[in-house]
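This is target07.cif (mmCIF, C-alpha atoms and all ligand atoms).
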```
data_protein
loop_
_atom_site.label_atom_id
_atom_site.label_comp_id
_atom_site.auth_asym_id
_atom_site.auth_seq_id
_atom_site.Cartn_x
_atom_site.Cartn_y
_atom_site.Cartn_z
CA MET A 783 108.29 115.79 66.47
CA HIS A 784 108.82 112.21 67.68
CA VAL A 785 109.53 112.14 71.42
CA ALA A 786 110.77 109.21 73.49
CA VAL A 787 109.48 109.33 77.07
CA VAL A 788 111.43 107.14 79.48
CA GLY A 789 109.39 106.23 82.57
CA ALA A 790 105.61 105.93 82.86
CA GLY A 791 104.89 107.26 86.32
CA MET A 792 102.69 110.32 86.81
CA ALA A 793 105.30 112.73 85.36
CA GLY A 794 106.02 110.65 82.25
CA VAL A 795 102.36 110.03 81.47
CA ALA A 796 101.40 113.70 82.04
CA CYS A 797 104.22 114.74 79.71
CA ALA A 798 103.44 112.12 77.04
CA ARG A 799 99.71 112.94 77.01
CA THR A 800 100.35 116.64 76.63
CA LEU A 801 102.73 116.01 73.71
CA LEU A 802 100.15 113.74 72.08
CA GLN A 803 97.42 116.34 72.53
CA ALA A 804 99.69 118.86 70.82
CA GLY A 805 99.87 116.53 67.79
CA HIS A 806 103.31 115.00 68.32
CA GLN A 807 104.34 111.37 68.09
CA VAL A 808 105.23 109.72 71.41
CA SER A 809 106.96 106.45 72.31
CA VAL A 810 106.92 105.52 76.00
CA PHE A 811 109.39 103.07 77.56
CA GLU A 812 108.69 101.66 81.01
CA LYS A 813 110.73 99.02 82.77
CA SER A 814 107.82 97.70 84.91
CA ARG A 815 104.85 95.62 83.83
CA GLY A 816 102.41 98.52 84.06
CA LEU A 817 102.01 102.27 84.28
CA GLY A 818 102.06 104.19 87.55
CA GLY A 819 105.58 104.13 88.96
CA ARG A 820 105.41 105.08 92.64
CA MET A 821 101.62 105.44 92.39
CA ALA A 822 101.73 101.71 92.85
CA THR A 823 99.19 99.04 93.72
CA ARG A 824 100.13 95.48 94.63
CA ARG A 825 97.41 92.87 94.24
CA THR A 826 97.43 89.86 96.56
CA GLU A 827 94.97 87.09 97.39
CA PHE A 828 94.01 89.16 100.46
CA GLY A 829 93.26 92.35 98.57
CA SER A 830 95.31 95.20 97.15
CA PHE A 831 97.90 97.40 98.84
CA ASP A 832 98.82 100.94 97.80
CA HIS A 833 102.45 100.49 98.79
CA GLY A 834 103.67 103.73 97.19
CA ALA A 835 101.66 106.97 97.21
CA GLN A 836 98.90 106.75 99.81
CA TYR A 837 96.62 109.51 98.61
CA PHE A 838 96.95 112.81 96.79
CA THR A 839 95.94 116.39 97.30
CA VAL A 840 94.98 119.00 94.70
CA ARG A 841 96.27 122.59 94.81
CA ASP A 842 97.07 123.57 91.21
CA PRO A 843 94.02 124.41 89.05
CA ARG A 844 95.62 122.60 86.09
CA PHE A 845 95.75 119.37 88.08
CA ALA A 846 92.16 119.97 89.23
CA ARG A 847 91.03 120.45 85.61
CA ALA A 848 92.83 117.30 84.46
CA LEU A 849 91.15 115.34 87.26
CA LEU A 850 87.75 116.27 85.81
CA THR A 851 88.62 113.80 83.01
CA ALA A 852 89.17 111.04 85.57
CA GLN A 853 86.07 111.34 87.74
CA ASP A 854 85.30 107.63 87.35
CA VAL A 855 88.56 106.61 89.00
CA VAL A 856 89.07 109.30 91.68
CA ARG A 857 87.34 109.29 95.08
CA PRO A 858 87.71 111.38 98.23
CA TRP A 859 89.11 109.47 101.21
CA ALA A 860 88.22 110.63 104.70
CA VAL A 861 90.95 110.05 107.27
CA SER A 862 89.52 109.74 110.78
CA THR A 863 90.85 112.00 113.52
CA VAL A 864 93.02 110.08 115.98
CA ARG A 865 95.61 110.49 118.73
CA VAL A 866 97.48 107.45 120.04
CA LEU A 867 99.60 107.93 123.19
CA ASP A 868 102.35 105.66 124.50
CA GLU A 869 102.51 104.58 128.15
CA LEU A 870 104.37 107.81 129.04
CA GLY A 871 101.69 109.95 127.45
CA HIS A 872 103.75 110.89 124.40
CA VAL A 873 101.95 111.07 121.06
CA LEU A 874 102.79 107.89 119.13
CA ALA A 875 100.48 108.42 116.17
CA SER A 876 98.01 111.08 115.18
CA ALA A 877 95.79 112.26 112.37
CA PRO A 878 94.43 115.75 112.95
CA PRO A 879 91.48 116.86 110.83
CA PRO A 880 92.99 117.23 107.33
CA ARG A 881 93.58 120.78 106.09
CA GLU A 882 92.67 119.76 102.56
CA PRO A 883 90.72 116.90 101.00
CA HIS A 884 92.56 113.63 100.40
CA TYR A 885 91.85 111.69 97.21
CA VAL A 886 92.62 108.16 96.11
CA ALA A 887 92.30 106.40 92.78
CA LYS A 888 90.34 103.20 92.38
CA PRO A 889 90.61 100.27 92.22
CA GLY A 890 94.10 101.21 93.49
CA MET A 891 96.39 104.23 93.36
CA SER A 892 97.88 103.08 90.06
CA GLY A 893 94.39 103.48 88.57
CA LEU A 894 94.79 107.20 87.87
CA VAL A 895 97.95 106.90 85.78
CA ALA A 896 96.53 103.77 84.12
CA HIS A 897 93.41 105.78 83.19
CA TRP A 898 95.36 108.71 81.78
CA GLY A 899 97.73 106.29 80.04
CA GLN A 900 95.00 104.58 77.99
CA PRO A 901 95.70 106.65 74.82
CA LEU A 902 99.35 105.65 75.11
CA LEU A 903 98.56 101.95 75.49
CA GLN A 904 95.67 101.72 73.03
CA PRO A 905 96.06 104.61 70.57
CA GLU A 906 93.75 102.90 68.07
CA ARG A 907 90.82 103.40 70.48
CA PHE A 908 91.53 107.13 70.57
CA GLY A 909 91.32 108.02 66.87
CA GLY A 910 94.66 106.48 65.89
CA LEU A 911 96.91 108.73 67.95
CA LYS A 912 100.61 108.48 67.12
CA ALA A 913 101.62 106.67 70.30
CA ARG A 914 103.18 103.43 71.37
CA THR A 915 104.20 102.07 74.74
CA ALA A 916 106.77 99.40 75.49
CA LEU A 917 106.34 97.88 78.96
CA GLU A 918 108.95 95.71 80.67
CA THR A 919 111.49 97.65 78.65
CA ARG A 920 114.39 99.35 80.40
CA VAL A 921 116.30 102.09 78.63
CA VAL A 922 119.98 101.41 79.25
CA GLN A 923 121.66 103.95 76.96
CA ILE A 924 120.88 107.10 74.98
CA GLU A 925 123.02 107.77 71.92
CA ARG A 926 123.02 109.72 68.69
CA ASP A 927 120.98 107.96 66.01
CA ALA A 928 123.32 105.91 63.81
CA LEU A 929 121.39 106.85 60.63
CA HIS A 930 120.34 110.42 61.47
CA PRO A 931 122.87 111.99 63.85
CA ALA A 932 120.57 114.94 64.58
CA GLN A 933 118.20 112.47 66.27
CA TRP A 934 118.48 110.06 69.20
CA GLN A 935 118.38 106.29 69.51
CA LEU A 936 117.81 104.25 72.66
CA ARG A 937 119.30 100.93 73.71
CA LEU A 938 116.61 98.85 75.36
CA GLU A 939 116.68 95.80 77.58
CA GLY A 940 113.60 93.56 77.77
CA SER A 941 112.59 91.57 80.85
CA ASP A 942 114.18 88.47 79.22
CA GLY A 943 117.51 90.31 79.00
CA GLY A 944 117.16 90.75 75.23
CA LEU A 945 118.65 93.95 73.80
CA GLN A 946 117.47 96.11 70.93
CA VAL A 947 118.01 99.58 69.54
CA VAL A 948 115.24 101.95 68.41
CA GLY A 949 115.92 105.31 66.85
CA GLY A 950 114.42 108.30 65.09
CA PHE A 951 113.65 110.42 68.18
CA ASP A 952 113.85 114.20 67.91
CA ARG A 953 113.64 114.61 71.69
CA VAL A 954 114.12 112.40 74.74
CA VAL A 955 112.35 112.92 78.08
CA LEU A 956 113.66 111.23 81.23
CA ALA A 957 110.71 111.03 83.63
CA LEU A 958 112.67 109.13 86.27
CA PRO A 959 113.78 109.58 89.87
CA HIS A 960 116.76 111.93 89.62
CA PRO A 961 119.50 109.37 90.53
CA GLN A 962 118.26 107.09 87.75
CA ALA A 963 118.16 109.98 85.26
CA ARG A 964 121.66 111.02 86.33
CA ASP A 965 123.03 107.46 85.98
CA LEU A 966 121.49 107.04 82.54
CA LEU A 967 122.97 110.33 81.33
CA LEU A 968 126.31 109.43 82.91
CA SER A 969 126.53 105.96 81.35
CA SER A 970 125.54 107.54 78.03
CA GLY A 971 128.29 110.18 78.45
CA LEU A 972 125.74 112.95 77.97
CA ALA A 973 124.65 116.34 79.28
CA PRO A 974 127.11 117.18 82.09
CA ARG A 975 125.23 120.46 82.65
CA LEU A 976 121.94 118.68 83.28
CA ARG A 977 123.69 116.22 85.60
CA GLN A 978 125.33 119.07 87.48
CA ALA A 979 121.92 120.63 88.12
CA LEU A 980 120.89 117.50 90.05
CA THR A 981 123.63 117.60 92.66
CA GLU A 982 121.60 119.44 95.33
CA VAL A 983 118.46 117.29 94.98
CA HIS A 984 117.95 114.77 97.78
CA VAL A 985 115.36 111.99 97.89
CA ALA A 986 114.96 109.67 100.91
CA PRO A 987 114.27 105.93 100.66
CA CYS A 988 111.36 104.11 102.30
CA TRP A 989 110.79 100.57 103.50
CA THR A 990 107.12 99.60 103.26
CA LEU A 991 105.40 96.81 105.16
CA MET A 992 102.14 95.25 103.92
CA VAL A 993 100.17 93.05 106.33
CA ALA A 994 96.84 91.23 106.02
CA PHE A 995 94.70 89.59 108.71
CA PRO A 996 91.99 87.76 106.73
CA ASN A 997 90.80 85.98 109.89
CA ALA A 998 89.89 89.29 111.51
CA ALA A 999 86.60 89.27 109.65
CA GLN A 1000 85.59 85.99 111.30
CA PRO A 1001 83.17 86.02 114.26
CA GLY A 1002 84.95 86.68 117.53
CA LEU A 1003 87.92 88.38 115.92
CA SER A 1004 86.17 91.47 114.57
CA HIS A 1005 87.60 93.60 117.39
CA LEU A 1006 91.10 93.30 115.93
CA GLY A 1007 92.89 96.60 115.72
CA PRO A 1008 92.12 100.22 116.45
CA GLN A 1009 89.11 102.14 115.20
CA TRP A 1010 91.01 104.58 113.03
CA ASN A 1011 92.03 104.30 109.40
CA ALA A 1012 95.29 106.20 108.97
CA ALA A 1013 97.82 108.16 110.99
CA ARG A 1014 101.24 109.75 110.92
CA SER A 1015 103.56 108.37 113.56
CA THR A 1016 106.44 109.63 115.67
CA HIS A 1017 107.59 106.05 116.34
CA HIS A 1018 111.31 105.89 115.54
CA ARG A 1019 110.72 103.21 112.90
CA ILE A 1020 107.38 104.17 111.41
CA SER A 1021 106.07 107.38 109.89
CA TRP A 1022 102.68 106.37 108.45
CA LEU A 1023 100.03 103.65 108.69
CA ALA A 1024 96.87 103.19 106.63
CA ARG A 1025 94.07 100.65 106.76
CA GLU A 1026 93.61 99.70 103.13
CA GLY A 1027 89.97 98.64 103.49
CA SER A 1028 89.00 102.17 104.55
CA LYS A 1029 89.72 103.51 101.07
CA PRO A 1030 86.79 103.64 98.65
CA GLY A 1031 86.41 100.71 96.28
CA ARG A 1032 88.76 98.36 98.18
CA GLU A 1033 88.29 94.81 99.46
CA GLN A 1034 87.23 94.74 103.12
CA ILE A 1035 89.81 92.21 104.37
CA GLU A 1036 91.68 93.72 107.32
CA ARG A 1037 95.06 94.88 106.00
CA TRP A 1038 97.49 97.70 106.60
CA THR A 1039 100.22 99.47 104.71
CA VAL A 1040 102.98 100.77 106.96
CA GLN A 1041 105.68 103.21 105.79
CA ALA A 1042 108.98 103.29 107.67
CA ALA A 1043 110.44 106.64 108.68
CA PRO A 1044 112.88 108.16 106.12
CA GLN A 1045 115.86 108.17 108.52
CA TRP A 1046 115.22 104.64 109.70
CA SER A 1047 114.80 103.48 106.08
CA ALA A 1048 118.10 105.09 105.08
CA LYS A 1049 119.91 103.48 108.00
CA HIS A 1050 118.49 100.02 107.21
CA LEU A 1051 118.44 100.30 103.42
CA GLU A 1052 120.71 97.32 102.81
CA ASP A 1053 119.38 95.16 105.68
CA ASP A 1054 117.97 91.71 105.05
CA PRO A 1055 114.24 92.13 104.18
CA GLU A 1056 113.24 89.51 106.79
CA ARG A 1057 114.94 91.51 109.56
CA VAL A 1058 113.30 94.71 108.32
CA LYS A 1059 109.94 92.97 108.31
CA GLY A 1060 110.40 91.77 111.90
CA LYS A 1061 111.31 95.24 113.13
CA LEU A 1062 108.47 96.95 111.32
CA LEU A 1063 106.00 94.34 112.59
CA ARG A 1064 107.08 95.14 116.16
CA GLY A 1065 106.62 98.87 115.55
CA PHE A 1066 103.22 98.22 113.96
CA ALA A 1067 102.13 96.21 117.03
CA GLU A 1068 103.30 98.96 119.41
CA ILE A 1069 101.28 101.62 117.58
CA THR A 1070 98.11 99.71 116.72
CA GLY A 1071 98.00 97.18 119.54
CA ILE A 1072 97.54 94.44 116.92
CA ARG A 1073 99.78 91.65 118.18
CA ALA A 1074 98.27 88.82 116.15
CA MET A 1075 100.60 87.35 113.50
CA PRO A 1076 99.45 88.46 110.05
CA THR A 1077 98.64 85.77 107.48
CA HIS A 1078 100.41 87.87 104.88
CA ALA A 1079 103.40 90.11 105.56
CA VAL A 1080 105.83 91.40 102.95
CA VAL A 1081 108.15 94.37 102.68
CA HIS A 1082 109.05 96.50 99.69
CA ARG A 1083 112.07 98.77 99.46
CA TRP A 1084 111.74 102.10 97.66
CA ARG A 1085 115.23 103.39 97.03
CA PHE A 1086 113.90 106.78 95.93
CA ALA A 1087 110.67 107.55 97.75
CA GLN A 1088 110.25 111.04 99.16
CA THR A 1089 111.95 114.23 98.02
CA GLN A 1090 113.67 116.03 100.90
CA THR A 1091 115.37 118.75 98.81
CA PRO A 1092 113.71 119.48 95.45
CA LEU A 1093 115.33 121.06 92.40
CA GLY A 1094 113.25 124.20 92.87
CA ARG A 1095 111.95 124.49 89.31
CA SER A 1096 109.41 122.47 87.40
CA HIS A 1097 111.73 120.65 84.97
CA LEU A 1098 115.03 120.76 83.08
CA PHE A 1099 115.24 121.06 79.30
CA ASP A 1100 118.31 121.42 77.12
CA ARG A 1101 116.82 122.67 73.85
CA GLU A 1102 120.08 122.30 71.94
CA LEU A 1103 120.43 118.64 72.86
CA GLY A 1104 116.69 117.96 72.84
CA LEU A 1105 116.88 116.31 76.28
CA GLY A 1106 114.41 116.99 79.10
CA LEU A 1107 114.08 115.81 82.71
CA CYS A 1108 110.92 115.80 84.82
CA GLY A 1109 109.62 114.12 87.97
CA ASP A 1110 108.23 114.95 91.39
CA TRP A 1111 111.75 115.72 92.67
CA CYS A 1112 111.77 118.91 90.59
CA LEU A 1113 109.09 120.52 92.78
CA GLY A 1114 108.49 118.37 95.86
CA HIS A 1115 107.31 114.99 97.04
CA ARG A 1116 103.73 114.83 95.92
CA VAL A 1117 101.82 113.20 93.08
CA GLU A 1118 100.68 116.64 91.97
CA ASP A 1119 104.31 117.81 91.75
CA ALA A 1120 105.02 114.96 89.32
CA PHE A 1121 102.00 115.91 87.21
CA ILE A 1122 102.93 119.59 87.03
CA SER A 1123 106.55 118.76 86.24
CA GLY A 1124 105.61 116.52 83.30
CA LEU A 1125 103.06 119.04 82.06
CA GLU A 1126 105.47 122.00 82.21
CA LEU A 1127 108.22 120.10 80.41
CA ALA A 1128 105.85 119.15 77.59
CA LEU A 1129 104.60 122.74 77.31
CA GLU A 1130 108.15 124.06 77.03
CA MET A 1131 109.02 121.44 74.41
CA VAL A 1132 106.06 122.31 72.20
CA GLY A 1133 106.31 126.06 72.83
C1 LIG S 1201 106.30 105.03 99.92
C2 LIG S 1201 105.80 106.27 99.21
C3 LIG S 1201 104.74 107.00 99.73
C4 LIG S 1201 104.28 108.13 99.08
N1 LIG S 1201 103.18 108.79 99.56
C5 LIG S 1201 102.66 109.82 98.87
C6 LIG S 1201 101.44 110.43 99.28
O1 LIG S 1201 100.81 109.99 100.23
N2 LIG S 1201 100.98 111.50 98.57
C7 LIG S 1201 101.63 111.96 97.46
O2 LIG S 1201 101.14 112.93 96.83
N3 LIG S 1201 102.77 111.40 97.03
C8 LIG S 1201 103.29 110.33 97.71
N4 LIG S 1201 104.43 109.73 97.26
C9 LIG S 1201 105.15 110.32 96.14
C10 LIG S 1201 104.52 109.98 94.78
O3 LIG S 1201 104.38 108.59 94.67
C11 LIG S 1201 105.45 110.54 93.72
O4 LIG S 1201 105.54 111.94 93.90
C12 LIG S 1201 105.00 110.30 92.27
O5 LIG S 1201 104.33 109.08 92.11
C13 LIG S 1201 106.26 110.37 91.41
O6 LIG S 1201 105.96 110.22 90.04
P1 LIG S 1201 107.12 110.32 88.97
O7 LIG S 1201 106.49 110.08 87.64
O8 LIG S 1201 107.89 111.57 89.18
O9 LIG S 1201 108.15 109.13 89.31
P2 LIG S 1201 107.91 107.56 89.36
O10 LIG S 1201 106.54 107.26 89.79
O11 LIG S 1201 109.04 107.01 90.16
O12 LIG S 1201 108.06 107.09 87.83
C14 LIG S 1201 109.29 106.75 87.23
C15 LIG S 1201 109.08 105.55 86.32
O13 LIG S 1201 110.28 105.31 85.58
C16 LIG S 1201 110.46 103.92 85.44
N5 LIG S 1201 111.88 103.71 85.13
C17 LIG S 1201 112.96 103.93 85.94
N6 LIG S 1201 114.11 103.70 85.28
C18 LIG S 1201 113.75 103.33 84.01
C19 LIG S 1201 114.50 102.99 82.83
N7 LIG S 1201 115.84 102.99 82.81
N8 LIG S 1201 113.81 102.65 81.71
C20 LIG S 1201 112.44 102.66 81.69
N9 LIG S 1201 111.69 102.99 82.78
C21 LIG S 1201 112.35 103.32 83.91
C22 LIG S 1201 110.00 103.38 86.78
O14 LIG S 1201 109.68 102.01 86.71
C23 LIG S 1201 108.79 104.26 87.07
O15 LIG S 1201 107.59 103.69 86.56
C24 LIG S 1201 104.90 108.57 97.88
C25 LIG S 1201 105.97 107.81 97.35
C26 LIG S 1201 106.40 106.66 97.99
C27 LIG S 1201 107.49 105.83 97.37
#
```

Let me see the file written as structure tokens.
Amino acid sequence: MHVAVVGAGMAGVACARTLLQAGHQVSVFEKSRGLGGRMATRRTEFGSFDHGAQYFTVRDPRFARALLTAQDVVRPWAVSTVRVLDELGHVLASAPPPREPHYVAKPGMSGLVAHWGQPLLQPERFGGLKARTALETRVVQIERDALHPAQWQLRLEGSDGGLQVVGGFDRVVLALPHPQARDLLLSSGLAPRLRQALTEVHVAPCWTLMVAFPNAAQPGLSHLGPQWNAARSTHHRISWLAREGSKPGREQIERWTVQAAPQWSAKHLEDDPERVKGKLLRGFAEITGIRAMPTHAVVHRWRFAQTQTPLGRSHLFDRELGLGLCGDWCLGHRVEDAFISGLELALEMVG
């Protein structure tokens, strides 16, 4: 079986690896420059920011077993206990003792998917596996193969806008956020039943602010900021803050990643990024007490960030068409949900 996997986040890579391990041929297409999707790490001159997933937890024994193969890139991350009150005594931010261990990948969150994706990127190093990966390649259409109508072909768009068609796929996996999977199926005029199944799923957006204070390490400024490393927040603009340097294997420059609240993000989704940045900086100052102007401040908009209403089953697969859908949105909003979804889809396809 030759399977095309569209999207190389956690779900796509988990699915592709499982298919490879079962002896099938896999071609992965990813529109970004690297693997990881929303397990994302942005590198800057002031150090890296995990601007997507902040950490992950482990509940399913299959995820735990898979992580044993990634011990070099996974580290526990201890979040300090904290309670920040506003001037009226209301809780503004807090991190109670975690109920379960938090883990991060190193050197950044994208490191875990990058590690598991090695056989897809360099199959020759892994005994000549039948894999290939096209980065910076967006799939824009799925159609019946012109030469072999029982198979599929994909229309691809490169980062330079160049178009090409590749065919010969027995199955196609869409490991994408559900609106992107739905739009691709719709523009391809395919699978109304699969599209229908997505109507109840809801995923909220998220604006993310990344700030760095490289001068904070200089003598006299080392008191900058609070003495905690991460917290959830009830601030109307902000739901989460994390001090990047507190994660294992990170640069020590003082820098924070700040996630806006889902409702606030939805309301301000189309706002000018500079205005969003200004508002999130004010919220950040109110919570942390850091009022110094950061040397580096940028925002990133995630249109599809956190699942609010999941599909309620691990994946979708139309055996007759040979089309499958997976992603975190099938089960929830966590990295582990994406892994299990990709795994389960692959297992059904090979079963
Ligand atoms: C701000 C934020 C904070 C989060 N915090 C946490 C957290 O603390 N803990 C946690 O467990 N989870 C967290 N998550 C959720 C976690 O990141 C996701 O559950 C997980 O990474 C989703 O993986 P996925 O493979 O399903 O999707 P994605 O990671 O979105 O992968 C989809 C991939 O498809 C690619 N793609 C899209 N369209 C195309 C196309 N047409 N052609 C080719 N490629 C395409 C994308 O570039 C992307 O790489 C967070 C997410 C966000 C955004």

Give me the chain A side of the contact with ligand LIG 1201 (chain S), cut-off 6 Å, one line per residue showing its nearest atom pair and distance in Å at one decimal, counting all atoms listed in the file, sorted by chain and residue number, as CSV.
```
residue,atom,partner,partner_atom,distance
A:Val788,CA,S:LIG1201,C20,5.1
A:Gly789,CA,S:LIG1201,O13,3.3
A:Ala790,CA,S:LIG1201,O15,4.8
A:Gly791,CA,S:LIG1201,O7,3.5
A:Met792,CA,S:LIG1201,O7,3.9
A:Ala793,CA,S:LIG1201,O7,3.7
A:Gly794,CA,S:LIG1201,O7,5.4
A:Phe811,CA,S:LIG1201,C20,5.2
A:Glu812,CA,S:LIG1201,N9,3.7
A:Lys813,CA,S:LIG1201,N9,4.1
A:Ser814,CA,S:LIG1201,O14,5.0
A:Gly818,CA,S:LIG1201,O15,5.6
A:Gly819,CA,S:LIG1201,O15,3.2
A:Arg820,CA,S:LIG1201,O10,3.8
A:Met821,CA,S:LIG1201,O5,4.5
A:Gly834,CA,S:LIG1201,C2,3.9
A:Ala835,CA,S:LIG1201,N1,3.3
A:Gln836,CA,S:LIG1201,O1,3.8
A:Tyr837,CA,S:LIG1201,O1,4.5
A:Phe838,CA,S:LIG1201,O2,4.2
A:Thr919,CA,S:LIG1201,C20,5.9
A:Arg920,CA,S:LIG1201,N8,3.6
A:Val921,CA,S:LIG1201,N8,4.0
A:Val922,CA,S:LIG1201,N7,5.7
A:Ala957,CA,S:LIG1201,C14,5.8
A:Leu958,CA,S:LIG1201,C14,4.2
A:Pro959,CA,S:LIG1201,O11,5.4
A:Gln962,CA,S:LIG1201,N6,5.9
A:Cys988,CA,S:LIG1201,C1,5.7
A:Trp1084,CA,S:LIG1201,C27,5.7
A:Ala1087,CA,S:LIG1201,C27,3.6
A:Gln1088,CA,S:LIG1201,C25,5.7
A:Gly1109,CA,S:LIG1201,O8,3.3
A:Asp1110,CA,S:LIG1201,O8,4.1
A:His1115,CA,S:LIG1201,O4,4.7
A:Arg1116,CA,S:LIG1201,O2,3.3
A:Val1117,CA,S:LIG1201,O2,3.8
A:Ala1120,CA,S:LIG1201,O8,4.4
```

Å distance separating CA of Ala1074 (chain A) from CA of Gly1007 (chain A), one decimal place = 9.5 Å

Residue nearest Arg1073 (chain A) - candidates A:Pro974, A:Pro961, A:Val1058, A:Val993, atoms counted: only C-alpha atoms = A:Val993

query = Distance CA of Leu902 (chain A)-CA of Arg1083 (chain A), one decimal place?
reply = 28.3 Å

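The coordinates place CA of Gln1041 (chain A) at 23.5 Å from CA of Ala896 (chain A).
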
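Here the selection is built from all atoms listed in the file, and the residues within 8 Å of (98.1, 98.1, 101.7) turn out to be Arg824, Ser830, Phe831, Asp832, His833, Met992, Val993, Ala1024, Arg1025, Glu1026, Arg1037, Trp1038, Thr1039 and Val1040 of chain A.
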
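If only C-alpha atoms are the atoms counted, then among A:Val785, A:Ala887, A:Leu867, A:Ile924 the closest residue to Pro1030 (chain A) is A:Ala887.
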
ask   = Which is closest to Arg1014 (chain A) among A:Val948, A:Val861, A:Val954, A:Val983, if we use only C-alpha atoms?
value = A:Val861

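The nearest approach to His884 (chain A) among the residues A:His960, A:His872, A:Lys912, A:Arg857, with all atoms listed in the file taken into account, belongs to A:Arg857.
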
ask   = Using all atoms listed in the file, which of the listed residues (A:Pro843, A:Gly1094, A:Gly1060, A:Gly893) sits closest to Leu1113 (chain A)?
value = A:Gly1094

task = Quick one: residues within 8 Å of (108.5, 116.8, 84.7) (file frame), counting all atoms listed in the file, please, as a PyMOL selection string.
result = chain A and resi 793-794+797+957+1096-1098+1107-1110+1112+1120-1128

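Nearest residue to Leu1051 (chain A) among A:Ala986, A:Ala1013, A:Val855, A:Leu903 is A:Ala986, counting only C-alpha atoms.
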
ask   = Got a sec: who's within 10 Å of Ala846 (chain A), counting only C-alpha atoms, leaving out chain neighbours fewer than 6 positions off, as a ChimeraX atom specification?
value = /A:839-840,1118

request  = Give me the residues within 7 Å of Pro879 (chain A) as a VMD selection string, counting all atoms listed in the file and dropping any in the same chain fewer than 2 places off.
outcome  = chain A and resid 863 877 881

List the spatial neighbours of Asp952 (chain A) as an mmCIF file with C-alpha atoms, in the coordinates of the input - criterion: any atom at most 10 Å away, only C-alpha atoms, same-chain residues fewer than 5 positions off excluded.
```cif
data_model
loop_
_atom_site.group_PDB
_atom_site.id
_atom_site.type_symbol
_atom_site.label_atom_id
_atom_site.label_comp_id
_atom_site.auth_asym_id
_atom_site.auth_seq_id
_atom_site.Cartn_x
_atom_site.Cartn_y
_atom_site.Cartn_z
ATOM 1 C CA MET A 783 108.290 115.790 66.470
ATOM 2 C CA HIS A 784 108.820 112.210 67.680
ATOM 3 C CA VAL A 785 109.530 112.140 71.420
ATOM 4 C CA ALA A 786 110.770 109.210 73.490
ATOM 5 C CA GLN A 807 104.340 111.370 68.090
ATOM 6 C CA ASP A 927 120.980 107.960 66.010
ATOM 7 C CA HIS A 930 120.340 110.420 61.470
ATOM 8 C CA ALA A 932 120.570 114.940 64.580
ATOM 9 C CA GLN A 933 118.200 112.470 66.270
ATOM 10 C CA TRP A 934 118.480 110.060 69.200
ATOM 11 C CA GLN A 935 118.380 106.290 69.510
ATOM 12 C CA LEU A 1103 120.430 118.640 72.860
ATOM 13 C CA GLY A 1104 116.690 117.960 72.840
ATOM 14 C CA LEU A 1105 116.880 116.310 76.280
#
```
